[in-house]
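Notes for the one structure printed next.
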Amino acid sequence: MQFFRPFLSLFLLLSLLSSTSCQENRNAPSHKRQADERKAQIYLRAARAALEQRAFEQAKTHIIDMRKSCRLALTARENGILIMDSIDLLAAQYRLQQIDSLMQTTPYKDNTSDEAKALNQKFEAQCQEIKFYQRKLQHDLQQRHRHE
């Protein structure tokens, strides 16, 4: 029995080392995932560029396309969530500016007509939408994970 003890210890040590190395490999990003991350960066850059031009729908399309074609790009997909939040927030702010500009025109300044009241309701709803997207963006920033 004592003859087998060194071999048993060696076997247990090798088993422990092999299981540890497997866990390390599981945590390392695969080549496919790394390729998806690089490919996804192209979509994210295009979405940011469209967002700068206020092309909100085009920016959303880039994020949606990235989600479909880069399924393993976990970090990029999380960044895509944040960009999508930003798209929604900036689009809501842009709509609010349009409503505000319209409210400054002569027919709506009196604030007594039905159209003026409806426009005021749209303004208030848009303010609430902006608050929602601000909270969502903060929440999503806090929920980010490290995928490396």
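How things are named: the first chain in the structure tokens is A, the next is B, and so on; residues count from 1 in each chain; ligands count from 1 in the order shown.
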
With 9 Å as the cut-off and only C-alpha atoms counted, what is the closest atom pair between each nearby residue of region 46-85 of chain A and region 138-146 of chain A? Distances in Å to one decimal, ordered by chain and number, as a Markdown table.
| residue | atom | partner | partner_atom | distance |
| --- | --- | --- | --- | --- |
| A:Leu74 | CA | A:Arg146 | CA | 8.9 |
| A:Thr75 | CA | A:Arg146 | CA | 7.3 |
| A:Glu78 | CA | A:Arg144 | CA | 6.8 |
| A:Asn79 | CA | A:Arg144 | CA | 8.7 |
| A:Ile81 | CA | A:Asp140 | CA | 7.6 |
| A:Leu82 | CA | A:Asp140 | CA | 6.7 |
| A:Asp85 | CA | A:Asp140 | CA | 8.4 |

Dump of N, CA and C atoms for the selected residues, as an mmCIF file, in the first residue's frame:
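Output file selection_0.cif follows:
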data_model
loop_
_atom_site.group_PDB
_atom_site.id
_atom_site.type_symbol
_atom_site.label_atom_id
_atom_site.label_comp_id
_atom_site.auth_asym_id
_atom_site.auth_seq_id
_atom_site.Cartn_x
_atom_site.Cartn_y
_atom_site.Cartn_z
ATOM 1 N N LEU A 74 -19.525 39.298 -26.520
ATOM 2 C CA LEU A 74 -20.253 39.670 -25.308
ATOM 3 C C LEU A 74 -19.973 41.106 -24.875
ATOM 4 N N THR A 75 -18.731 41.499 -24.896
ATOM 5 C CA THR A 75 -18.386 42.865 -24.497
ATOM 6 C C THR A 75 -18.989 43.873 -25.469
ATOM 7 N N GLU A 78 -22.694 44.238 -24.932
ATOM 8 C CA GLU A 78 -23.025 45.106 -23.791
ATOM 9 C C GLU A 78 -22.815 46.569 -24.153
ATOM 10 N N ASN A 79 -21.755 46.856 -24.890
ATOM 11 C CA ASN A 79 -21.557 48.232 -25.361
ATOM 12 C C ASN A 79 -22.694 48.633 -26.296
ATOM 13 N N ILE A 81 -25.758 47.691 -26.018
ATOM 14 C CA ILE A 81 -26.898 48.038 -25.156
ATOM 15 C C ILE A 81 -26.779 49.493 -24.707
ATOM 16 N N LEU A 82 -25.580 49.883 -24.321
ATOM 17 C CA LEU A 82 -25.369 51.259 -23.871
ATOM 18 C C LEU A 82 -25.551 52.253 -25.018
ATOM 19 N N ASP A 85 -29.227 52.554 -25.632
ATOM 20 C CA ASP A 85 -29.796 53.448 -24.616
ATOM 21 C C ASP A 85 -29.529 54.908 -24.980
#

- Item | Residues within 8 Å of region 112-120 of chain A, only C-alpha atoms, excluding chain neighbours under 4 positions, as a ChimeraX atom specification | /A:99,103,107-108,124

Write to file, as a PDB file, in the first residue's frame, the residues of the selection just made, with all heavy atoms.
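Final output, saved to part.pdb:
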ATOM      1  N   ILE A  99     -40.573  69.753 -30.105  1.00  0.00           N
ATOM      2  CA  ILE A  99     -41.835  70.149 -29.480  1.00  0.00           C
ATOM      3  C   ILE A  99     -41.689  71.530 -28.844  1.00  0.00           C
ATOM      4  O   ILE A  99     -42.568  72.389 -28.992  1.00  0.00           O
ATOM      5  CB  ILE A  99     -42.286  69.101 -28.434  1.00  0.00           C
ATOM      6  CG1 ILE A  99     -42.645  67.780 -29.127  1.00  0.00           C
ATOM      7  CG2 ILE A  99     -43.463  69.618 -27.617  1.00  0.00           C
ATOM      8  CD1 ILE A  99     -42.854  66.621 -28.163  1.00  0.00           C
ATOM      9  N   MET A 103     -43.743  74.894 -29.625  1.00  0.00           N
ATOM     10  CA  MET A 103     -44.498  75.596 -28.588  1.00  0.00           C
ATOM     11  C   MET A 103     -44.167  77.094 -28.559  1.00  0.00           C
ATOM     12  O   MET A 103     -44.973  77.888 -28.065  1.00  0.00           O
ATOM     13  CB  MET A 103     -44.223  74.979 -27.215  1.00  0.00           C
ATOM     14  CG  MET A 103     -44.831  73.603 -27.046  1.00  0.00           C
ATOM     15  SD  MET A 103     -44.373  72.817 -25.487  1.00  0.00           S
ATOM     16  CE  MET A 103     -45.351  73.772 -24.336  1.00  0.00           C
ATOM     17  N   PRO A 107     -49.099  80.374 -32.736  1.00  0.00           N
ATOM     18  CA  PRO A 107     -50.389  79.726 -32.450  1.00  0.00           C
ATOM     19  C   PRO A 107     -50.436  78.996 -31.109  1.00  0.00           C
ATOM     20  O   PRO A 107     -51.505  78.796 -30.549  1.00  0.00           O
ATOM     21  CB  PRO A 107     -50.575  78.736 -33.591  1.00  0.00           C
ATOM     22  CG  PRO A 107     -49.561  79.052 -34.618  1.00  0.00           C
ATOM     23  CD  PRO A 107     -48.507  79.870 -33.962  1.00  0.00           C
ATOM     24  N   TYR A 108     -49.272  78.593 -30.578  1.00  0.00           N
ATOM     25  CA  TYR A 108     -49.265  77.797 -29.353  1.00  0.00           C
ATOM     26  C   TYR A 108     -48.876  78.593 -28.114  1.00  0.00           C
ATOM     27  O   TYR A 108     -48.940  78.088 -27.005  1.00  0.00           O
ATOM     28  CB  TYR A 108     -48.310  76.604 -29.515  1.00  0.00           C
ATOM     29  CG  TYR A 108     -48.711  75.694 -30.644  1.00  0.00           C
ATOM     30  CD1 TYR A 108     -48.018  75.713 -31.848  1.00  0.00           C
ATOM     31  CD2 TYR A 108     -49.787  74.844 -30.516  1.00  0.00           C
ATOM     32  CE1 TYR A 108     -48.394  74.881 -32.893  1.00  0.00           C
ATOM     33  CE2 TYR A 108     -50.174  74.017 -31.560  1.00  0.00           C
ATOM     34  CZ  TYR A 108     -49.470  74.049 -32.741  1.00  0.00           C
ATOM     35  OH  TYR A 108     -49.854  73.232 -33.756  1.00  0.00           O
ATOM     36  N   GLU A 124     -44.789  67.118 -21.872  1.00  0.00           N
ATOM     37  CA  GLU A 124     -44.667  66.454 -20.566  1.00  0.00           C
ATOM     38  C   GLU A 124     -44.351  64.964 -20.732  1.00  0.00           C
ATOM     39  O   GLU A 124     -43.510  64.419 -19.999  1.00  0.00           O
ATOM     40  CB  GLU A 124     -45.949  66.636 -19.741  1.00  0.00           C
ATOM     41  CG  GLU A 124     -46.192  68.063 -19.309  1.00  0.00           C
ATOM     42  CD  GLU A 124     -45.072  68.635 -18.454  1.00  0.00           C
ATOM     43  OE1 GLU A 124     -44.505  67.890 -17.613  1.00  0.00           O
ATOM     44  OE2 GLU A 124     -44.742  69.815 -18.630  1.00  0.00           O
TER      45      GLU A 124
END

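The closest residue to Ala91 (chain A), picked from A:Glu52, A:Ile63, A:Lys122, A:Leu72 and counting only C-alpha atoms, is A:Glu52.
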
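Between Ala49 (chain A) and the residues A:Ser30, A:Asp100, A:Lys136, A:His62, the shortest atom-to-atom distance, using only C-alpha atoms, involves A:His62.
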
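If you measure from each of A:Met66, A:Leu137, A:Leu44, A:Ala50 to Leu89 (chain A) using only C-alpha atoms, the closest one turns out to be A:Leu137.
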
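Nearest to Gln53 (chain A) of all the residues A:Leu90, A:Gln98, A:Arg67, A:Gln104 is A:Leu90, based on only C-alpha atoms.
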